[in-house]
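Step one of this worksheet: look at the structure below.
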Amino acid sequence: MTYLAKPRLHHPSLTVNKVGYTRRDYEGKNSTLCAGCGHDSISAAIIQACWELDIEPHRVAKLSGIGCSSKTPDYFLGASHGFNTVHGRMPSVLTGANLANRSLLYLGISGDGDSASIGLGQFAHAMRRAVRMVYIVEDNGVYGLTKGQFSATADRGSRSKKGAINSDNPVDMIGMALQLGASYVARGFSGDKAQLVPLIKGAIGHGGAAFIDVISPCIAFNNHAGSTKCYDYVREHNEAMNRLDFITPRSEITTDYAPGEVVEVVQHDGRTLRLRKLHDGYDPTDRLAAMNHVQTHQARGEVVTGLLYVDPDASDLHAALNTSARPLNTLGNQELCPGAAELATLNAALRC
Amino acid sequence: MKRIEAVNDFVIKFANVNGSGSSSANELFAKAVLRMGVPVSPRNIFPSNIQGLPTWYEVRVCEQGYLGRRGGVDMLVAMNPQTWDADVAELEPGGYLFYDSTRPLPPSKFRTDIHVIGMPLTDICNAVYTDPRQRQLFKNIIYVGALSVLLGVDGEVFEALFAAQYKGKEKLFDSNLRALQLGRDFAREHLEAPLGIQVRRADRVGERIFVDGNSAAALGCVYGGATVAAWYPITPSSSVAEAFQKYCNRFRIDPATGQHKFAIVQAEDELASIGMVVGAGWNGARAFTATSGPGVSLMTEFIGLAYFAEIPATIINVQRGGPSTGMPTRTQQADILSCAYASHGDTKHVLLFPEDPHECFDHAAAALDLADRLQTPVFVMTDLDIGMNQRLCKPFEWSDAHAYDRGKVMTAAELEAGKDFGRYKDVDGDGIPWRTLPGTHPTLGSYFTRGTTRDAYARYSEHGSDYVYNAQRLLKKFKTAADLVPQPVLRPATRKTRLGVIYFGSTSPAMHEALDVLNDAGIHLDALRLRAFPFPQVVARFLADHEEVFVVEQNRDAQMRSLLVNELEVDPARLVPVLHYDGTPITARFITDAITQHVHAEAVMPKRKVKKNRLKEHAA
């Protein structure tokens with residue numbers, strides 16, 4: 001980390017997006033994570049994605065649990081409200097916040113300790129409920145802030161920095177998200193920003209529960225030989241299923257693709273996801289096939305990345321609950337209180 | 001043989017089998033007595049079971065209007081062979097035993113000092129009905145019919161009750177009325193009526209309503225503007241959420257669009273339910289959860305976060321006996337300390353103590369206002385006795401002039417105008433800071449919410465001085481809360497006295513009755529009913545003004561007494577605990593006995609002289 005404050009002045013020639021912000025307007029405080037931490041790359045990717053999508057920073061709510069990953073919302077989107085909640089319980093807080101005001105974009109930042117161990121239940125149930133959100137797990141297979149214990153996503157046989165071998169089976173968050181009904185499931189790698197930024201953009205535009213597992217090596221405690229979450233291992237075993245270009249209705253198609261190389265998925269809101277296929281026969285809109293395909297490759301020791309599943313017609317918890325289009329937190333006495341006359345009727349009915 | 005003789009003043013207990021449909025028939029009986037203009041207070045005593053285990057319904061009929069449990073049974077309706085022996089043993093001498101005489105019982109099963117009324121209920125049902133379920137259900141209505149004759153309840157009141165209950169369901173109306181008539185006819189022809197205990201028409205019910213506290217609390221949440229409810233099923237609180245759903249379906253669906261102006265989530269556990277409430281509160285929606293003791297235990301981490309991060313949250317705690325199953329379907333007031341100081345670090349929370357369904361409604365709505373005003377968790381401390389039993393109480397009241405108090409929420413216009421925003425800064429001198437809601441302004445007023453590690457402007461800080469500033473401000477805020485919460489209610493003695501009594505919550509009706517009895521016996525007590533924690537000034541003054549103060553509560557450890565001692569630094573020797581915690585609701589007899597014994601013992605052997613000037617210190 002650096003202690004030097006970021007300069008307040010922007011370079012005058014910095015590009016401004018459609019809502020009038022430069023990329024720097026999406027930054028936050030200085031990171032306090034270790035130099036080279038994968039998490040900082042993810043923060044940078046989030047900044048990039050939000051800027052490119054012309055999202056007003058204050059229309060984003062950032063929520064996190066506890067851990068290194070959960071500290072990061074302080075390091076991006078400084079003009080957004082953030083909430084560093086309780087270890088493993090970010091999903092419930094995000095769910096409540098989302099119910100209160102459906103008009104904001106909800107960004108849930110968590111880690112593998114936060115989501116796969118203490119928070120596994122909340123992770124699972126948030127996916128089941130189809131809470132509209134971007135749920136990013138910054139996955140390094142290790143507890144960083146408490147100095148190097150295995151997390152629940154550490155692969156069996158993986159070696160810790162001190163030499164211990166992990167004998168437990170890993171929690172497969174991608175597999176769980178697919179099974180539990182997440183409607184946008186992706187895996188990225190913090191070392192591949194070109195792949196990650198579109199995945200985040202796709203998730204932001206998605207109409208339901210979007211989950212991205214981002215392999216994000218821990219430079220301090222899990223970047224050694226014998227770890228399956230170190231930079232070298234992930235680079236060697238990275239098996240991308242596809243390349244996503246997130247395209248909004250406004251943008252023009254400029255890239256040329258060879259016929260048959262591209263799948264276009266038009267989402268419910270009219271936005272188009274354009275996927276360049278890297279695997280023949282991989283259909284990311286087929287949940288069962290995706291589960292099978294991902295499992296097959298994982299069994300070979302590959303780190304499967306890309307947009308693994310998307311349901312273009314996803315819906316969310318608000319649709320299920322039929323909540324009012326106007327955010328609940330804007331309703332007042334007039335809309336909420338039945339009034340004294342109704343109470344008199346109720347009282348009458350409660351007399352014997 | 002002695003015969004209990006009483007008009008409009010007796011206790012009748014129904015012993016049934018869970019799941020046999022008895023509860024609606026027993027409720028019908030209670031409502032019929034109410035229709036006669038005579039106050040009743042029924043109580044369900046039920047097992048952690050859906051079908052098969054014993055269940056009881058105890059109805060106190062009391063023209064004087066005492067609604068607490070009396071203790072003792074004058075008449076038993078014994079419909080459960082499993083519990084026969086214990087039930088019969090419980091009857092007062094000279095009392096009445098009503099039972100199904102279809103199968104003869106040996107004389108050893110009866111007592112010689114009670115009056116026995118046998119009615120071949122099973123035979124009657126088998127002769128009239130062929131369907132087994134009908135035989136079962138109508139058996140209950142038939143015994144209610146017979147009882148009405150034995151006790152002098154008019155037949156017309158049932159017709160009116162059925163008409164209200166089965167509006168538009170002619171068939172059900174007819175069949176129920178026929179069953180009732182069967183019972184009435186049989187009793188008139190074959191049983192010796194009337195009994196020594198009688199219901200006689202009176203006019204003592206008035207405008208009062210008959211409702212359970214959980215429904216009332218749910219309605220209070222609707223009126224109080226709650227839009228987000230997150231909960232996890234737990235007895236005895238589940239019916240709060242269910243009633244909230246029911247009332248929202250009635251009042252909160254936009255007729256034009258069909259859209260819901262509420263969101264209810266049955267969460268995966270209590271951790272998630274309070275998490276959702278905290279998330280919604282952080283984001284400016286009024287949110288609540290309903291739970292019971294074990295749920296509060298699970299929620300405590302979040303409650304601490306909400307306390308320090310200063311987020312409104314309303315928690316309705318319907319208290320019960322401790323962990324596991326069994327005792328949890330009985331009543332207690334045993335979560336006082338666990339809620340007052342819930343969580344890690346230095347925390348204290350606002351607690352409200354409703355005495356009946358009327359106050360469950362008031363306090364639920366008030367809690368939502370207080371939570372927003374104080375930006376902190378607020379507990380409504382009800383219990384099973386008032387939560388799950390229908391209770392006669394004052395009608396609900398609401399003023400249309402009452403605007404929700406949303407507390408100190410800074411708007412975009414205020415930020416734009418340059419108003420200083422320090423999320424954790426005391427600018428008004430009341431310890432309550434201003435907050436902003438997410439999404440308010442593009443460049444101003446955003447902050448990162450954390451538990452403790454920040455300064456008055458919500459910037460990350462591990463400085464001790466910043467922590468102390470915040471901790472002290474929270475204390476000041478708690479002091480402010482003492483003025484905003486529902487204030488205690490004083491019921492002065494009929495003459496000047498050195499004795500006081502403090503009570504709260506569902507103890508009210510038993511306490512009021514006990515005070516009358518004690519007064520008649522020459523024991524005079526000034527009585528103070530607590531309605532909230534933190535304790536307003538008047539509580540300290542009350543303690544200072546009395547040499548001895550009884551603290552009546554329904555738990556083993558004298559938790560309210562501990563809270564008084566701890567918060568007001570009062571000499572514990574002056575606070576005499578009166579504790580009832582066997583899972584049944586406290587009775588006037590219990591309170592009267594405990595206080596009388598203490599007073600008499602002291603008359604014989606004074607404990608010690610308390611110097612007047614020492615007492616004065618507490619008045620400050």
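Scheme for the structure tokens: letters A, B, ... for chains in order shown; per-chain residue numbers from 1; ligand numbers from 1 in order shown.
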
Give me the residues within 9 Å of segment 563-569 of chain B as a compact mmCIF listing (two decimals) with N, CA and C atoms, in the first residue's frame, counting only C-alpha atoms and dropping any in the same chain fewer than 6 places off.
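Okay, result.txt is ready:
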# COMPACT_ATOMS: atom_id res chain seq x y z
N ILE B 336 -34.85 -9.82 29.31
CA ILE B 336 -34.65 -8.39 29.59
C ILE B 336 -33.17 -8.03 29.45
N LEU B 337 -32.32 -8.78 30.13
CA LEU B 337 -30.89 -8.44 30.10
C LEU B 337 -30.27 -8.76 28.75
N ALA B 340 -31.37 -5.86 26.60
CA ALA B 340 -30.90 -4.53 27.02
C ALA B 340 -29.42 -4.34 26.68
N PRO B 534 -34.26 3.01 28.01
CA PRO B 534 -33.70 3.52 29.27
C PRO B 534 -34.78 4.11 30.19
N PHE B 535 -34.45 4.05 31.49
CA PHE B 535 -35.42 4.50 32.49
C PHE B 535 -35.48 6.02 32.54
N VAL B 539 -38.32 7.26 37.26
CA VAL B 539 -38.09 5.95 37.87
C VAL B 539 -37.12 6.08 39.04
N ALA B 540 -36.05 6.84 38.84
CA ALA B 540 -35.09 7.06 39.92
C ALA B 540 -35.77 7.75 41.09
N LEU B 575 -34.55 -3.24 46.87
CA LEU B 575 -35.38 -3.76 45.79
C LEU B 575 -35.70 -5.23 46.06
N HIS B 618 -30.50 9.36 45.91
CA HIS B 618 -30.98 8.78 44.66
C HIS B 618 -31.97 9.66 43.94

May I have the residues of chain B within 7 Å of chain A, counting only C-alpha atoms, written as a PDB file with C-alpha atoms, in the first residue's frame?
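Result saved to result15.pdb:
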ATOM      1  CA  LYS B  31     -66.744 -14.988  22.995  1.00  0.00           C
ATOM      2  CA  LEU B  34     -68.171 -11.651  26.269  1.00  0.00           C
ATOM      3  CA  ARG B  35     -71.397 -11.229  24.336  1.00  0.00           C
ATOM      4  CA  ARG B 208     -63.202  -2.973  24.348  1.00  0.00           C
ATOM      5  CA  ILE B 209     -61.841  -5.230  21.624  1.00  0.00           C
ATOM      6  CA  PHE B 210     -60.801  -8.862  21.883  1.00  0.00           C
ATOM      7  CA  VAL B 211     -57.539  -9.527  20.059  1.00  0.00           C
ATOM      8  CA  VAL B 222     -48.629  -1.507   9.197  1.00  0.00           C
ATOM      9  CA  TYR B 223     -49.834   1.753  10.755  1.00  0.00           C
ATOM     10  CA  GLY B 225     -45.180   2.504   8.131  1.00  0.00           C
ATOM     11  CA  THR B 227     -42.407  -1.677   4.509  1.00  0.00           C
ATOM     12  CA  PHE B 251     -54.247  -2.345   3.226  1.00  0.00           C
ATOM     13  CA  ARG B 252     -51.077  -2.127   1.204  1.00  0.00           C
ATOM     14  CA  GLN B 259     -48.358  -3.625  -6.705  1.00  0.00           C
ATOM     15  CA  HIS B 260     -47.339  -4.281  -3.114  1.00  0.00           C
ATOM     16  CA  LYS B 261     -46.250  -1.435  -0.891  1.00  0.00           C
ATOM     17  CA  PHE B 262     -44.405  -3.901   1.315  1.00  0.00           C
ATOM     18  CA  ALA B 263     -41.862  -6.690   1.067  1.00  0.00           C
ATOM     19  CA  GLU B 268     -33.148 -18.696   6.131  1.00  0.00           C
ATOM     20  CA  ALA B 272     -30.421 -13.179   7.790  1.00  0.00           C
ATOM     21  CA  GLY B 275     -29.390  -8.548   8.356  1.00  0.00           C
ATOM     22  CA  MET B 276     -32.185  -7.673   5.953  1.00  0.00           C
ATOM     23  CA  VAL B 277     -33.774  -5.357   8.495  1.00  0.00           C
ATOM     24  CA  VAL B 278     -30.436  -3.606   8.990  1.00  0.00           C
ATOM     25  CA  GLY B 279     -29.894  -3.322   5.224  1.00  0.00           C
ATOM     26  CA  ALA B 280     -33.357  -1.873   4.701  1.00  0.00           C
ATOM     27  CA  TRP B 282     -29.611   1.689   6.325  1.00  0.00           C
ATOM     28  CA  ASN B 283     -31.310   2.404   3.035  1.00  0.00           C
ATOM     29  CA  GLY B 284     -34.189   4.381   4.548  1.00  0.00           C
ATOM     30  CA  ALA B 285     -37.083   1.920   4.645  1.00  0.00           C
ATOM     31  CA  PHE B 302     -25.919  -7.588  13.954  1.00  0.00           C
ATOM     32  CA  PRO B 395     -59.675  -0.243  21.082  1.00  0.00           C
ATOM     33  CA  PHE B 396     -56.712   0.659  18.900  1.00  0.00           C
ATOM     34  CA  TRP B 398     -54.586   6.331  15.669  1.00  0.00           C
ATOM     35  CA  SER B 399     -54.517  10.001  14.859  1.00  0.00           C
ATOM     36  CA  ASP B 400     -54.431  10.914  11.185  1.00  0.00           C
ATOM     37  CA  ALA B 403     -46.785  12.078  10.703  1.00  0.00           C
ATOM     38  CA  TYR B 404     -44.015   9.495  10.777  1.00  0.00           C
ATOM     39  CA  PRO B 438     -27.570   6.065  -0.377  1.00  0.00           C
ATOM     40  CA  GLY B 439     -28.166   7.728  -3.724  1.00  0.00           C
ATOM     41  CA  HIS B 441     -26.446  13.428  -4.015  1.00  0.00           C
ATOM     42  CA  PRO B 442     -23.881  12.928  -6.812  1.00  0.00           C
ATOM     43  CA  THR B 443     -20.931  14.381  -4.929  1.00  0.00           C
ATOM     44  CA  SER B 446     -21.654   9.737   0.789  1.00  0.00           C
ATOM     45  CA  TYR B 447     -19.788   7.820   3.444  1.00  0.00           C
ATOM     46  CA  PHE B 448     -18.579   4.335   4.208  1.00  0.00           C
ATOM     47  CA  THR B 449     -20.514   2.661   7.006  1.00  0.00           C
ATOM     48  CA  ARG B 450     -18.418   0.774   9.528  1.00  0.00           C
TER      49      ARG B 450
END

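The space separating atom CA of Ile215 of chain A from atom CA of Ala154 of chain A comes to 11.2 Å.
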
Backbone-only DSSP, strand (DSSP E or B) members of segment 329-526 of chain B, as an NGL selection string | :B and (350-352 or 377-383 or 390-393 or 409 or 435 or 448-449 or 454 or 460 or 489-491 or 499-504 or 526)

Could you give me the residues within segment 69-216 of chain A that DSSP places in helix (DSSP H, G or I), as a PyMOL selection string?
-> chain A and resi 69-75+90-100+112-118+120-128+173-180+193-205

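Atom CA of Asp154 of chain B to atom CA of Gly37 of chain B spans 11.5 Å [interatomic distance, one decimal].
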
12 Å contact set for Leu273 of chain A, only C-alpha atoms, chain neighbours under 2 positions out, as a ChimeraX atom specification | /A:184,198-206,242-249,251,253,262-271,275-276,284-285,307,309-312

If we count only C-alpha atoms, what is near segment 38-46 of chain A at a cut-off of 9 Å, once residues fewer than 5 positions away on the same chain are taken out, given as a ChimeraX atom specification?
-> /A:26-27,31,33,51,68-69,72-73,75-77,138-140,189-194,196-198,200-201,214-219

Using only C-alpha atoms, determine which residues lie at most 12 Å from Ala116 of chain A, disregarding the query and same-chain residues fewer than 5 positions distant; provide the list as a PyMOL selection string.
-> chain A and resi 65+87-89+110-111+121-124+137-143+150-154+170-174+176-177+213

Who sits within 6 Å of Ile212 of chain A, only C-alpha atoms, same chain under 6 positions skipped, as number ranges by chain | A: 136, 185-187

Choose the residue, out of A:Leu120, A:Lys6, A:Ile109, A:Asp155, that has the smallest atom-to-atom separation from Tyr135 of chain A; count only C-alpha atoms.
->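 Smallest separation from Tyr135 of chain A among the options: A:Ile109.
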
7 Å contact set for Ala15 of chain B, only C-alpha atoms, chain neighbours under 4 positions out, as a list in words =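 Within the cut-off, the hits are Thr55, Trp56, Tyr57, Val77, Ala78, Met79 and Asn80 of chain B.
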
Select from segment 310-340 of chain B every residue with an atom at most 12 Å from any atom of segment 350-356 of chain B, then for each give the shortest pair of atoms and their distance in Å to one decimal, using only C-alpha atoms, rows by chain and rising number, as CSV.
residue,atom,partner,partner_atom,distance
B:Pro312,CA,B:Val350,CA,11.2
B:Ala313,CA,B:Val350,CA,10.7
B:Thr314,CA,B:Val350,CA,9.9
B:Ile315,CA,B:Leu351,CA,9.4
B:Ile316,CA,B:Leu352,CA,9.5
B:Asn317,CA,B:Leu351,CA,9.8
B:Val318,CA,B:Phe353,CA,10.7
B:Gln319,CA,B:Phe353,CA,11.1
B:Gln333,CA,B:Phe353,CA,10.0
B:Asp335,CA,B:Leu351,CA,10.6
B:Ile336,CA,B:Leu351,CA,8.4
B:Leu337,CA,B:Leu351,CA,10.2
B:Ser338,CA,B:Leu351,CA,11.0
B:Cys339,CA,B:Leu351,CA,7.6
B:Ala340,CA,B:Leu351,CA,6.8

Option closest in space to Ser41 of chain B, from B:Leu384, B:Cys393, B:Val128, B:Ala256 [counting only C-alpha atoms] |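 Ranking B:Leu384, B:Cys393, B:Val128, B:Ala256 by distance to Ser41 of chain B, first place goes to B:Cys393.
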
For Glu239 of chain A, the nearest of the candidates A:Ala225, A:Val304, A:Ala35, A:Ala220, counting only C-alpha atoms =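 Using only C-alpha atoms, the shortest distance to Glu239 of chain A belongs to A:Val304.
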
Could you work out how far atom CA of Thr296 of chain A lies from atom CA of Arg159 of chain A, giving the answer in Å with one decimal?
-> 23.5 Å

Which is closest to Ala299 of chain A among A:Tyr282, A:Lys277, A:Gln195, A:His237, if we use only C-alpha atoms?
->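 Checking each of A:Tyr282, A:Lys277, A:Gln195, A:His237 against Ala299 of chain A, counting only C-alpha atoms, the winner is A:His237.
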